[in-house]
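Q: Sharing a structure, written as structure tokens. Questions coming.
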Amino acid sequence: MRGAGLLTAAVFFGALTLLPFAVGAQWLLNMLIFTLMYASLASAWNLVGGYAGYPSLGHAAFFGVGAYAIAILFEDSVGDGYLPFFLLPLIGVGAAVVSVPIGWIAMRTRADVFAIVTITLLFITQTLAFNLRDVTGGAQGKSVGVAPFPVDTYGRPFYYAMLALLGLAMSASFYVRHSKIGLSLLAVRADEDKAHGVGVRVTAVKLIAFAASAGITAMVGGVWAYYVGFIYPQFAVDPLLTIGMVLMTFLGGRATLWGPVVGAFILVPAQQSFAYQLGASQVYLLAYAAIFLIIMLFLPRGILPTITDRLYRQGKHGEGSRAKAAGSSDEVTRDALRIAER
Amino acid sequence: MTALLEVDRLSKHFGGVRAVDGCTFSVEEGTITALIGPNGSGKTTAFNLITGYLKPDSGAVRFGGHSVKNQDPARLYRLGLSRTFQQARIFPDLSVEENLVIAAGCSWRGLFGARRTRGDRLRALAMLEEFRLAGLADLAAGELSYGQRKLLEFAAVLMSRPRLVLLDEPTAGVNAVMINTMEHHIRARHKEGVTFLIVEHDMQLVMRLCDPVIVLDRGATIAMGAPAEVQVNPLVLDAYLGG
């Protein structure tokens with residue numbers, strides 16, 4: 001089973017690595033960059049919102065922190081163009097450290113209260129971005145130095161940076177699933193008081209998940225700022241970003257390795273094509289919402305868990321598809337639990 | 001010799017209701033002590049206060065000589081004070097085996113290690129075999145029957161090698177066979193030196209299993225002694241039958 005999962009990952013990342021050479025059109029590469037961005041964001045969000053069951057609506061705040069960090073550090077010059085990418089890990093670690101006290105306070109609340117506390121964090125951060133004009137440029141925005149990449153392949157470094165971050169986010173997700181941290185987080189999600197009562201280090205595992213999630217989110221924000229070249233508070237700290245992460249994770253399947261990625265690869269292209277076809281009239285948002293509602297109605301646990309369930313039930317009669325079902329989606333349901341051997 | 005667990009004038013009220021009101025008793029090491037009383041007499045609240053799930057308004061609890069006021073449940077659990085809940089609380093998405101692994105606890109280093117190490121699995125399997133649940137090890141715990149969940153929760157809290165186990169109605173709502181199974185496991189563990197404090201409504205079970213018996217009424221201790229004594233104590237009869 002582990003071999004099948006590894007093979008899936010190798011094929012997936014191999015194909016994505018080669019894809020820019022097959023894709024000539026700028027608009028297509030642009031869309032792929034945003035798809036990878038959301039896949040990374042959703043995978044990072046999944047650490048907190050999926051495994052731990054804490055539905056953070058404030059993650060765009062960390063995205064903004066990363067974006068402004070890049071914009072402030074590289075306002076004038078970006079050197080050979082690759083320096084910002086190499087500084088990303090520092091930004092990630094910085095954001096993770098900053099997120100620990102925030103998470104410690106926010107995670108004393110649960111469920112809906114936690115959602116409200118974190119969305120407050122988002123708006124506080126946005127307000128700061130608007131008002132700390134000396135640092136952020138306020139409502140006039142802030143520009144990032146232009147990278148000296150060749151025009152024909154300008155998007156590629158950003159594409160690969162996003163791909164690397166997706167790899168990082170999915171590795172974190174994979175590691176969490178297969179460590180005691182993940183086992184503890186799943187216990188927290190099911191019944192936090194009981195978990196605490198059997199000695200699970202509840203606060204520690206929640207903060208580890210929160211910090212890792214915030215750090216990755218900030219790094220993605222940094223690449224985004226560098227790519228778009230000019231950032232404004234309302235876009236760098238955007239509630240729609242948060243909503244995107246949440247929707248994609250719910251759509252693909254919470255607390256699964258591939259769910260957030262599947263969600264992003266469906267929703268980002270869908271959103272862009274609706275926006276293109278239905279014009280600037282915001283009608284596309286309705287279509288976007290309709291898709292989401294329909295899928296939630298028929299697949300309430302998300303795409304992957306539902307599919308795995310179906311495959312498993314078929315597999316009960318015809319043996320053999322069990323392994324396939326588990327290998328392809330690798331997620332936390334009773335089915336996977338039965339099969340999950342290592 | 002001081003008792004393993006000492007509860008001293010413990011009080012807790014919710015709004016105007018005095019759920020536990022000056023409750024005082026002790027549990028001697030090596031006993032199977034029962035805590036009985038009519039519905040609403042404060043037994044479960046007393047459990048919650050003793051195990052750190054609730055903070056008392058006043059009074060003190062000492063476990064193994066340590067004061068455990070304002071201790072959190074996780075630390076008490078690691079000190080050897082385990083409990084089960086009236087409605088068995090298990091982790092339904094985790095497998096039966098993982099329910100035991102998570103309750104066994106782990107070091108800080110272990111936290112970053114594998115989800116289930118070989119050692120974890122061996123220890124869990126030994127416990128599951130004792131409880132005759134080994135065949136269900138890989139099943140999601142949410143698929144167990146109610147009685148099996150109670151057994152699983154009991155087995156899980158034993159993973160930390162506790163000194164004292166508090167069982168909240170271990171046989172409520174389970175069939176007669178399961179009551180015997182539960183009794184068998186309590187006795188088996190008792191022989192190995194585990195002390196029990198049990199809240200139970202099945203008086204036949206209490207009378208044959210437990211000694212001493214502590215009786216609560218309206219949050220206070222009204223009687224304590226051997227089952228035969230308590231059974232004929234007029235205060236107890238009055239609490240159960242009178243108004």
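Lettering and numbering for the structure tokens are positional, with chains as A, B, ... in the shown order, residues counted from 1 in each chain, and ligands counted from 1 in the shown order.
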Please, which residues of chain B lie no more than 7 Å from chain A when the count uses only C-alpha atoms, and can they be set out as an NGL selection string?
A: :B and (73-75 or 77-78 or 89 or 91 or 93 or 95 or 102-103 or 105 or 111-115 or 138-140)
Q: Which of stretch 54-216 of chain A counts as helix (DSSP H, G or I) under DSSP, as a short mmCIF file (atom, residue, chain, number, x, y, z; two decimals) with N, CA and C atoms, in the first residue's frame please?
A:
data_model
loop_
_atom_site.label_atom_id
_atom_site.label_comp_id
_atom_site.auth_asym_id
_atom_site.auth_seq_id
_atom_site.Cartn_x
_atom_site.Cartn_y
_atom_site.Cartn_z
N HIS A 59 -6.26 32.06 8.13
CA HIS A 59 -4.98 31.73 7.50
C HIS A 59 -4.49 32.77 6.50
N ALA A 60 -5.42 33.54 5.91
CA ALA A 60 -4.99 34.57 4.98
C ALA A 60 -4.09 35.59 5.69
N ALA A 61 -4.20 35.71 6.99
CA ALA A 61 -3.32 36.62 7.74
C ALA A 61 -1.86 36.19 7.59
N PHE A 62 -1.61 34.90 7.67
CA PHE A 62 -0.23 34.42 7.54
C PHE A 62 0.25 34.53 6.10
N PHE A 63 -0.69 34.31 5.18
CA PHE A 63 -0.39 34.51 3.76
C PHE A 63 0.09 35.96 3.55
N GLY A 64 -0.65 36.90 4.15
CA GLY A 64 -0.30 38.31 4.04
C GLY A 64 1.04 38.62 4.68
N VAL A 65 1.32 38.00 5.81
CA VAL A 65 2.60 38.23 6.49
C VAL A 65 3.75 37.83 5.57
N GLY A 66 3.62 36.67 4.93
CA GLY A 66 4.65 36.22 4.00
C GLY A 66 4.77 37.16 2.80
N ALA A 67 3.62 37.58 2.29
CA ALA A 67 3.61 38.46 1.12
C ALA A 67 4.31 39.78 1.44
N TYR A 68 3.96 40.37 2.57
CA TYR A 68 4.57 41.65 2.93
C TYR A 68 6.04 41.49 3.28
N ALA A 69 6.41 40.34 3.85
CA ALA A 69 7.82 40.11 4.16
C ALA A 69 8.65 40.19 2.88
N ILE A 70 8.18 39.51 1.83
CA ILE A 70 8.90 39.54 0.55
C ILE A 70 8.89 40.97 -0.03
N ALA A 71 7.72 41.61 0.03
CA ALA A 71 7.61 42.95 -0.55
C ALA A 71 8.53 43.94 0.16
N ILE A 72 8.64 43.82 1.46
CA ILE A 72 9.47 44.76 2.22
C ILE A 72 10.95 44.47 2.00
N LEU A 73 11.30 43.19 2.00
CA LEU A 73 12.72 42.83 1.84
C LEU A 73 13.23 43.11 0.43
N LEU A 83 17.12 35.03 -5.21
CA LEU A 83 17.33 35.28 -3.78
C LEU A 83 16.04 35.19 -2.95
N PRO A 84 14.93 35.81 -3.43
CA PRO A 84 13.70 35.72 -2.62
C PRO A 84 13.28 34.29 -2.34
N PHE A 85 13.47 33.41 -3.33
CA PHE A 85 13.09 32.01 -3.11
C PHE A 85 13.93 31.38 -1.99
N PHE A 86 15.23 31.74 -1.98
CA PHE A 86 16.09 31.12 -0.97
C PHE A 86 15.81 31.66 0.43
N LEU A 87 15.23 32.86 0.48
CA LEU A 87 14.92 33.41 1.80
C LEU A 87 13.57 32.93 2.34
N LEU A 88 12.80 32.28 1.48
CA LEU A 88 11.47 31.82 1.91
C LEU A 88 11.48 30.97 3.18
N PRO A 89 12.40 30.00 3.30
CA PRO A 89 12.38 29.18 4.52
C PRO A 89 12.47 30.02 5.79
N LEU A 90 13.28 31.09 5.73
CA LEU A 90 13.38 31.96 6.92
C LEU A 90 12.04 32.62 7.22
N ILE A 91 11.37 33.06 6.15
CA ILE A 91 10.06 33.68 6.34
C ILE A 91 9.07 32.67 6.92
N GLY A 92 9.14 31.44 6.42
CA GLY A 92 8.27 30.39 6.94
C GLY A 92 8.51 30.14 8.41
N VAL A 93 9.79 30.03 8.79
CA VAL A 93 10.10 29.78 10.20
C VAL A 93 9.66 30.96 11.05
N GLY A 94 9.90 32.17 10.53
CA GLY A 94 9.49 33.37 11.26
C GLY A 94 7.99 33.39 11.51
N ALA A 95 7.22 33.11 10.46
CA ALA A 95 5.76 33.12 10.60
C ALA A 95 5.31 32.02 11.57
N ALA A 96 5.99 30.86 11.49
CA ALA A 96 5.62 29.76 12.38
C ALA A 96 5.84 30.17 13.84
N VAL A 97 6.98 30.85 14.10
CA VAL A 97 7.27 31.27 15.47
C VAL A 97 6.23 32.28 15.95
N VAL A 98 5.92 33.25 15.07
CA VAL A 98 4.92 34.25 15.43
C VAL A 98 3.56 33.60 15.69
N SER A 99 3.26 32.53 14.95
CA SER A 99 1.93 31.92 15.06
C SER A 99 1.73 31.16 16.36
N VAL A 100 2.83 30.80 17.04
CA VAL A 100 2.68 29.97 18.25
C VAL A 100 1.88 30.68 19.35
N PRO A 101 2.26 31.90 19.75
CA PRO A 101 1.43 32.56 20.78
C PRO A 101 0.01 32.83 20.30
N ILE A 102 -0.13 33.15 19.01
CA ILE A 102 -1.47 33.39 18.47
C ILE A 102 -2.31 32.11 18.56
N GLY A 103 -1.71 31.01 18.12
CA GLY A 103 -2.41 29.74 18.18
C GLY A 103 -2.72 29.33 19.62
N TRP A 104 -1.79 29.63 20.51
CA TRP A 104 -1.98 29.25 21.91
C TRP A 104 -3.22 29.92 22.47
N ILE A 105 -3.42 31.18 22.09
CA ILE A 105 -4.62 31.89 22.57
C ILE A 105 -5.85 31.41 21.81
N ALA A 106 -5.76 31.40 20.47
CA ALA A 106 -6.95 31.07 19.66
C ALA A 106 -7.43 29.66 19.93
N ALA A 111 -14.19 25.03 17.83
CA ALA A 111 -15.21 25.01 16.77
C ALA A 111 -15.59 26.40 16.28
N ASP A 112 -16.87 26.76 16.42
CA ASP A 112 -17.32 28.02 15.82
C ASP A 112 -16.67 29.24 16.46
N VAL A 113 -16.43 29.17 17.76
CA VAL A 113 -15.77 30.30 18.42
C VAL A 113 -14.35 30.46 17.88
N PHE A 114 -13.69 29.34 17.66
CA PHE A 114 -12.35 29.38 17.07
C PHE A 114 -12.40 30.02 15.68
N ALA A 115 -13.40 29.66 14.90
CA ALA A 115 -13.54 30.24 13.56
C ALA A 115 -13.67 31.76 13.65
N ILE A 116 -14.45 32.23 14.62
CA ILE A 116 -14.66 33.67 14.76
C ILE A 116 -13.38 34.36 15.24
N VAL A 117 -12.70 33.75 16.21
CA VAL A 117 -11.46 34.33 16.71
C VAL A 117 -10.45 34.46 15.58
N THR A 118 -10.34 33.42 14.74
CA THR A 118 -9.34 33.47 13.69
C THR A 118 -9.72 34.44 12.58
N ILE A 119 -11.01 34.58 12.32
CA ILE A 119 -11.38 35.54 11.27
C ILE A 119 -11.12 36.96 11.79
N THR A 120 -11.21 37.14 13.09
CA THR A 120 -10.84 38.43 13.68
C THR A 120 -9.36 38.70 13.43
N LEU A 121 -8.56 37.66 13.59
CA LEU A 121 -7.12 37.78 13.32
C LEU A 121 -6.88 38.27 11.89
N LEU A 122 -7.66 37.73 10.98
CA LEU A 122 -7.54 38.13 9.58
C LEU A 122 -7.80 39.62 9.42
N PHE A 123 -8.89 40.10 10.02
CA PHE A 123 -9.23 41.50 9.81
C PHE A 123 -8.29 42.44 10.57
N ILE A 124 -7.79 41.98 11.71
CA ILE A 124 -6.79 42.80 12.41
C ILE A 124 -5.56 42.96 11.52
N THR A 125 -5.12 41.85 10.92
CA THR A 125 -3.94 41.90 10.06
C THR A 125 -4.18 42.81 8.86
N GLN A 126 -5.38 42.69 8.28
CA GLN A 126 -5.69 43.54 7.12
C GLN A 126 -5.70 45.02 7.52
N THR A 127 -6.29 45.30 8.67
CA THR A 127 -6.33 46.69 9.14
C THR A 127 -4.92 47.22 9.38
N LEU A 128 -4.07 46.37 9.96
CA LEU A 128 -2.68 46.79 10.16
C LEU A 128 -2.02 47.09 8.82
N ALA A 129 -2.27 46.23 7.83
CA ALA A 129 -1.66 46.43 6.51
C ALA A 129 -2.13 47.75 5.89
N PHE A 130 -3.38 48.10 6.14
CA PHE A 130 -3.89 49.38 5.63
C PHE A 130 -3.27 50.57 6.34
N ASN A 131 -3.02 50.40 7.63
CA ASN A 131 -2.68 51.58 8.43
C ASN A 131 -1.21 51.77 8.76
N ARG A 133 1.32 52.57 7.26
CA ARG A 133 1.70 53.01 5.91
C ARG A 133 3.19 53.02 5.68
N ASP A 134 3.96 53.36 6.70
CA ASP A 134 5.42 53.45 6.52
C ASP A 134 6.00 52.09 6.12
N VAL A 135 5.41 51.05 6.62
CA VAL A 135 5.94 49.71 6.36
C VAL A 135 5.29 49.08 5.13
N THR A 136 3.97 49.20 5.03
CA THR A 136 3.24 48.44 4.02
C THR A 136 2.79 49.28 2.83
N GLY A 138 0.30 51.09 2.95
CA GLY A 138 -1.13 51.31 3.14
C GLY A 138 -1.94 50.91 1.92
N ALA A 139 -3.01 51.69 1.68
CA ALA A 139 -3.94 51.36 0.60
C ALA A 139 -3.29 51.53 -0.78
N GLN A 140 -2.19 52.26 -0.85
CA GLN A 140 -1.54 52.46 -2.15
C GLN A 140 -0.75 51.24 -2.58
N ARG A 156 8.06 30.27 -15.09
CA ARG A 156 8.55 28.96 -14.64
C ARG A 156 9.14 28.93 -13.24
N PRO A 157 10.02 29.88 -12.89
CA PRO A 157 10.58 29.81 -11.52
C PRO A 157 9.49 29.86 -10.45
N PHE A 158 8.44 30.66 -10.73
CA PHE A 158 7.36 30.77 -9.75
C PHE A 158 6.57 29.46 -9.70
N TYR A 159 6.40 28.89 -10.88
CA TYR A 159 5.70 27.60 -10.96
C TYR A 159 6.44 26.56 -10.12
N TYR A 160 7.76 26.49 -10.31
CA TYR A 160 8.51 25.47 -9.57
C TYR A 160 8.58 25.78 -8.07
N ALA A 161 8.58 27.06 -7.75
CA ALA A 161 8.56 27.42 -6.32
C ALA A 161 7.25 26.94 -5.69
N MET A 162 6.13 27.17 -6.38
CA MET A 162 4.84 26.72 -5.87
C MET A 162 4.79 25.19 -5.79
N LEU A 163 5.37 24.55 -6.82
CA LEU A 163 5.39 23.08 -6.82
C LEU A 163 6.19 22.55 -5.62
N ALA A 164 7.33 23.20 -5.34
CA ALA A 164 8.14 22.79 -4.19
C ALA A 164 7.36 22.98 -2.90
N LEU A 165 6.62 24.09 -2.81
CA LEU A 165 5.83 24.32 -1.60
C LEU A 165 4.71 23.31 -1.46
N LEU A 166 4.12 22.91 -2.59
CA LEU A 166 3.11 21.85 -2.54
C LEU A 166 3.74 20.55 -2.03
N GLY A 167 4.96 20.27 -2.52
CA GLY A 167 5.67 19.09 -2.04
C GLY A 167 5.90 19.17 -0.54
N LEU A 168 6.29 20.35 -0.08
CA LEU A 168 6.53 20.55 1.35
C LEU A 168 5.24 20.35 2.15
N ALA A 169 4.16 20.98 1.67
CA ALA A 169 2.88 20.88 2.39
C ALA A 169 2.40 19.43 2.44
N MET A 170 2.55 18.72 1.31
CA MET A 170 2.08 17.34 1.30
C MET A 170 2.99 16.44 2.13
N SER A 171 4.28 16.75 2.14
CA SER A 171 5.18 15.97 3.01
C SER A 171 4.80 16.16 4.47
N ALA A 172 4.51 17.41 4.82
CA ALA A 172 4.09 17.67 6.21
C ALA A 172 2.83 16.88 6.52
N SER A 173 1.90 16.88 5.58
CA SER A 173 0.65 16.16 5.76
C SER A 173 0.90 14.66 5.90
N PHE A 174 1.78 14.15 5.04
CA PHE A 174 2.11 12.72 5.08
C PHE A 174 2.77 12.36 6.41
N TYR A 175 3.71 13.21 6.82
CA TYR A 175 4.40 12.95 8.08
C TYR A 175 3.42 12.94 9.25
N VAL A 176 2.54 13.94 9.26
CA VAL A 176 1.57 14.02 10.35
C VAL A 176 0.70 12.76 10.40
N ARG A 177 0.26 12.32 9.23
CA ARG A 177 -0.58 11.11 9.19
C ARG A 177 0.11 9.90 9.79
N LYS A 180 2.85 9.97 15.64
CA LYS A 180 1.99 10.07 16.82
C LYS A 180 1.31 11.43 16.88
N ILE A 181 1.95 12.43 16.25
CA ILE A 181 1.32 13.75 16.23
C ILE A 181 -0.04 13.64 15.55
N GLY A 182 -0.06 12.95 14.40
CA GLY A 182 -1.32 12.81 13.68
C GLY A 182 -2.34 11.99 14.46
N LEU A 183 -1.87 10.91 15.06
CA LEU A 183 -2.77 10.08 15.87
C LEU A 183 -3.38 10.94 16.99
N SER A 184 -2.51 11.76 17.62
CA SER A 184 -2.99 12.63 18.69
C SER A 184 -3.99 13.66 18.14
N LEU A 185 -3.69 14.22 16.96
CA LEU A 185 -4.58 15.23 16.39
C LEU A 185 -5.95 14.63 16.07
N LEU A 186 -5.96 13.41 15.55
CA LEU A 186 -7.24 12.78 15.24
C LEU A 186 -8.04 12.53 16.52
N ALA A 187 -7.33 12.21 17.59
CA ALA A 187 -8.01 12.03 18.87
C ALA A 187 -8.58 13.36 19.35
N VAL A 188 -7.79 14.42 19.17
CA VAL A 188 -8.25 15.76 19.56
C VAL A 188 -9.51 16.12 18.78
N ARG A 189 -9.49 15.82 17.48
CA ARG A 189 -10.64 16.17 16.66
C ARG A 189 -11.89 15.42 17.11
N ALA A 190 -11.72 14.15 17.49
CA ALA A 190 -12.88 13.34 17.86
C ALA A 190 -13.43 13.76 19.22
N ASP A 191 -12.56 13.96 20.20
CA ASP A 191 -13.02 14.25 21.56
C ASP A 191 -11.84 14.80 22.34
N GLU A 192 -11.71 16.12 22.31
CA GLU A 192 -10.51 16.74 22.88
C GLU A 192 -10.40 16.53 24.39
N ASP A 193 -11.52 16.61 25.10
CA ASP A 193 -11.47 16.45 26.56
C ASP A 193 -11.04 15.04 26.93
N LYS A 194 -11.59 14.07 26.21
CA LYS A 194 -11.21 12.69 26.49
C LYS A 194 -9.73 12.48 26.16
N ALA A 195 -9.28 13.04 25.04
CA ALA A 195 -7.88 12.91 24.66
C ALA A 195 -6.98 13.48 25.75
N HIS A 196 -7.35 14.65 26.24
CA HIS A 196 -6.60 15.27 27.32
C HIS A 196 -6.58 14.36 28.54
N GLY A 197 -7.73 13.72 28.78
CA GLY A 197 -7.86 12.85 29.94
C GLY A 197 -7.06 11.57 29.86
N VAL A 202 -2.25 17.58 24.28
CA VAL A 202 -3.20 18.26 23.41
C VAL A 202 -2.66 19.60 22.90
N THR A 203 -2.24 20.45 23.83
CA THR A 203 -1.80 21.79 23.45
C THR A 203 -0.59 21.71 22.51
N ALA A 204 0.35 20.84 22.84
CA ALA A 204 1.56 20.74 22.03
C ALA A 204 1.24 20.33 20.60
N VAL A 205 0.43 19.30 20.42
CA VAL A 205 0.18 18.83 19.05
C VAL A 205 -0.63 19.86 18.26
N LYS A 206 -1.55 20.54 18.95
CA LYS A 206 -2.32 21.57 18.25
C LYS A 206 -1.39 22.69 17.77
N LEU A 207 -0.47 23.08 18.63
CA LEU A 207 0.42 24.19 18.26
C LEU A 207 1.41 23.77 17.17
N ILE A 208 1.87 22.53 17.22
CA ILE A 208 2.77 22.05 16.16
C ILE A 208 2.05 22.14 14.81
N ALA A 209 0.80 21.66 14.78
CA ALA A 209 0.03 21.70 13.53
C ALA A 209 -0.21 23.13 13.08
N PHE A 210 -0.56 23.98 14.03
CA PHE A 210 -0.87 25.37 13.70
C PHE A 210 0.36 26.09 13.16
N ALA A 211 1.49 25.89 13.82
CA ALA A 211 2.72 26.58 13.41
C ALA A 211 3.19 26.09 12.04
N ALA A 212 3.16 24.79 11.82
CA ALA A 212 3.57 24.26 10.51
C ALA A 212 2.67 24.80 9.42
N SER A 213 1.39 24.81 9.71
CA SER A 213 0.41 25.29 8.75
C SER A 213 0.63 26.78 8.44
N ALA A 214 0.84 27.58 9.48
CA ALA A 214 1.04 29.02 9.29
C ALA A 214 2.34 29.29 8.52
N GLY A 215 3.38 28.54 8.84
CA GLY A 215 4.67 28.74 8.17
C GLY A 215 4.59 28.47 6.68
N ILE A 216 3.95 27.36 6.31
CA ILE A 216 3.82 27.02 4.89
C ILE A 216 2.96 28.08 4.18
#
Q: Can you tell me which residues surround stretch 292-305 of chain A at a distance of at most 6 Å, considering only C-alpha atoms, apart from same-chain residues fewer than 4 positions away, and format the answer as a VMD selection string?
A: chain A and resid 250 to 253
Q: Could you save those same residues with N, CA and C atoms as a compact mmCIF listing (two decimals), in the first residue's frame?
A:
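Contents of selection18.txt, as written:
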# COMPACT_ATOMS: atom_id res chain seq x y z
N PHE A 250 -12.63 20.90 2.01
CA PHE A 250 -13.91 20.22 2.24
C PHE A 250 -14.31 19.42 1.00
N LEU A 251 -14.09 20.03 -0.15
CA LEU A 251 -14.49 19.39 -1.40
C LEU A 251 -13.73 18.09 -1.62
N GLY A 252 -12.41 18.15 -1.48
CA GLY A 252 -11.60 16.96 -1.75
C GLY A 252 -11.68 15.92 -0.65
N GLY A 253 -11.81 16.39 0.57
CA GLY A 253 -11.87 15.47 1.71
C GLY A 253 -10.94 15.92 2.81
Q: If I take atom CA of B:Gly142 and atom CA of B:Ser160, how far is one from the other in Å, to one decimal?
A: 22.1 Å
Q: Which of these residues is nearest to B:Gly242, using only C-alpha atoms: B:Pro38, B:Gly225, B:Gly173, B:Gly110?
A: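 Ranking B:Pro38, B:Gly225, B:Gly173, B:Gly110 by distance to B:Gly242, first place goes to B:Pro38.
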Q: So how far away is atom CA of A:Pro239 from atom CA of A:Ala44, in Å?
A: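 Calculated distance between atom CA of A:Ala44 and atom CA of A:Pro239 is 16.3 Å.
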Q: So, with only C-alpha atoms as the atoms that count, which of B:Val174, B:Ala60, B:Leu122, B:Leu167 lies closest to B:Val199?
A: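 Of B:Val174, B:Ala60, B:Leu122, B:Leu167, the one nearest B:Val199, counting only C-alpha atoms, is B:Leu167.
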Q: Enumerate as a ChimeraX atom specification all residues of stretch 88-295 of chain A assigned to strand (DSSP E) by DSSP on the backbone, naming them with the chain letters and numbers the document uses.
A: /A:142-143,230-231
Q: Would you export the selected residues with C-alpha atoms as an mmCIF file, in the first residue's frame, please?
A:
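Saved as selection_31.cif:
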data_model
loop_
_atom_site.group_PDB
_atom_site.id
_atom_site.type_symbol
_atom_site.label_atom_id
_atom_site.label_comp_id
_atom_site.auth_asym_id
_atom_site.auth_seq_id
_atom_site.Cartn_x
_atom_site.Cartn_y
_atom_site.Cartn_z
ATOM 1 C CA LYS A 142 3.638 47.986 -2.278
ATOM 2 C CA SER A 143 5.651 46.874 -5.243
ATOM 3 C CA PHE A 230 2.394 44.520 -6.568
ATOM 4 C CA ILE A 231 0.358 43.880 -3.462
#
Q: Between atom CA of B:Gln148 and atom CA of B:Gly80, what distance in Å does the model show, to one decimal?
A: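 Computing the Euclidean distance for atom CA of B:Gln148 and atom CA of B:Gly80 yields 23.7 Å.
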Q: Restrict the calculation to only C-alpha atoms, then for each residue of stretch 49-149 of chain B with any atom at most 7 Å from an atom of stretch 4-23 of chain B give the closest atom pair and their distance in Å to one decimal, rows by chain and rising residue number, as JSON lines.
A:
{"residue": "B:Pro56", "atom": "CA", "partner": "B:Lys12", "partner_atom": "CA", "distance": 5.2}
{"residue": "B:Asp57", "atom": "CA", "partner": "B:Lys12", "partner_atom": "CA", "distance": 5.1}
{"residue": "B:Ser58", "atom": "CA", "partner": "B:Ser11", "partner_atom": "CA", "distance": 5.3}
{"residue": "B:Gly59", "atom": "CA", "partner": "B:Leu10", "partner_atom": "CA", "distance": 4.1}
{"residue": "B:Ala60", "atom": "CA", "partner": "B:Asp8", "partner_atom": "CA", "distance": 5.1}
{"residue": "B:Val61", "atom": "CA", "partner": "B:Val7", "partner_atom": "CA", "distance": 4.7}
{"residue": "B:Arg62", "atom": "CA", "partner": "B:Glu6", "partner_atom": "CA", "distance": 5.0}
{"residue": "B:Phe63", "atom": "CA", "partner": "B:Leu5", "partner_atom": "CA", "distance": 4.6}
{"residue": "B:Gly64", "atom": "CA", "partner": "B:Leu4", "partner_atom": "CA", "distance": 4.8}
Q: Include N, CA and C atoms and write out the residues we just selected as a PDB file, in the first residue's frame.
A:
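Writing done, so here's again00.pdb:
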ATOM      1  N   PRO B  56     -13.054  22.245  41.651  1.00  0.00           N
ATOM      2  CA  PRO B  56     -13.963  22.363  42.794  1.00  0.00           C
ATOM      3  C   PRO B  56     -14.065  23.808  43.276  1.00  0.00           C
ATOM      4  N   ASP B  57     -15.206  24.137  43.899  1.00  0.00           N
ATOM      5  CA  ASP B  57     -15.343  25.458  44.524  1.00  0.00           C
ATOM      6  C   ASP B  57     -14.528  25.501  45.809  1.00  0.00           C
ATOM      7  N   SER B  58     -14.569  24.405  46.537  1.00  0.00           N
ATOM      8  CA  SER B  58     -13.754  24.326  47.747  1.00  0.00           C
ATOM      9  C   SER B  58     -13.492  22.855  48.064  1.00  0.00           C
ATOM     10  N   GLY B  59     -12.595  22.632  49.016  1.00  0.00           N
ATOM     11  CA  GLY B  59     -12.256  21.266  49.376  1.00  0.00           C
ATOM     12  C   GLY B  59     -10.979  20.824  48.699  1.00  0.00           C
ATOM     13  N   ALA B  60     -10.521  19.629  49.051  1.00  0.00           N
ATOM     14  CA  ALA B  60      -9.250  19.162  48.532  1.00  0.00           C
ATOM     15  C   ALA B  60      -9.328  17.695  48.156  1.00  0.00           C
ATOM     16  N   VAL B  61      -8.490  17.312  47.204  1.00  0.00           N
ATOM     17  CA  VAL B  61      -8.347  15.907  46.819  1.00  0.00           C
ATOM     18  C   VAL B  61      -6.870  15.566  46.900  1.00  0.00           C
ATOM     19  N   ARG B  62      -6.549  14.453  47.537  1.00  0.00           N
ATOM     20  CA  ARG B  62      -5.161  13.996  47.543  1.00  0.00           C
ATOM     21  C   ARG B  62      -5.091  12.612  46.934  1.00  0.00           C
ATOM     22  N   PHE B  63      -4.169  12.452  45.996  1.00  0.00           N
ATOM     23  CA  PHE B  63      -3.997  11.154  45.346  1.00  0.00           C
ATOM     24  C   PHE B  63      -2.558  10.704  45.579  1.00  0.00           C
ATOM     25  N   GLY B  64      -2.411   9.559  46.250  1.00  0.00           N
ATOM     26  CA  GLY B  64      -1.071   9.052  46.563  1.00  0.00           C
ATOM     27  C   GLY B  64      -0.245  10.054  47.353  1.00  0.00           C
TER      28      GLY B  64
END
Q: Tell me, as a list in words, which residues lie within 10 Å of B:Val236, counting only C-alpha atoms; anything in the same chain fewer than 3 positions away does not count.
A: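 Selected residues are Ile36, Gly37, Pro38, Val215, Leu216, Asp217, Ile222, Ala223, Met224, Val230, Gln231, Val232, Asn233, Ala239, Tyr240, Leu241 and Gly242 of chain B.
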Q: Would you mind telling me which residue in B:Gly147, B:Leu133, B:Lys191, B:Val68 lies nearest to B:Val177 when using only C-alpha atoms?
A: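 For B:Val177, the nearest of the candidates is B:Gly147.
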Q: Name all residues at most 12 Å from A:Gly24 (count only C-alpha atoms; drop same-chain ones fewer than 3 positions away) and give them as a list in words.
A: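 Using only C-alpha atoms, the neighbours found are Leu19, Pro20, Phe21, Trp27, Leu28, Leu29, Asn30, Leu32, Asp152, Thr153, Tyr154, Gly155 and Arg156 of chain A.
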Q: In terms of the shortest atom-to-atom distance over only C-alpha atoms, which of B:Ile198, B:Met182, B:Ile32, B:Ile214 is closest to B:Leu166?
A: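 Answer, going by the shortest atom-to-atom distance: B:Ile198.
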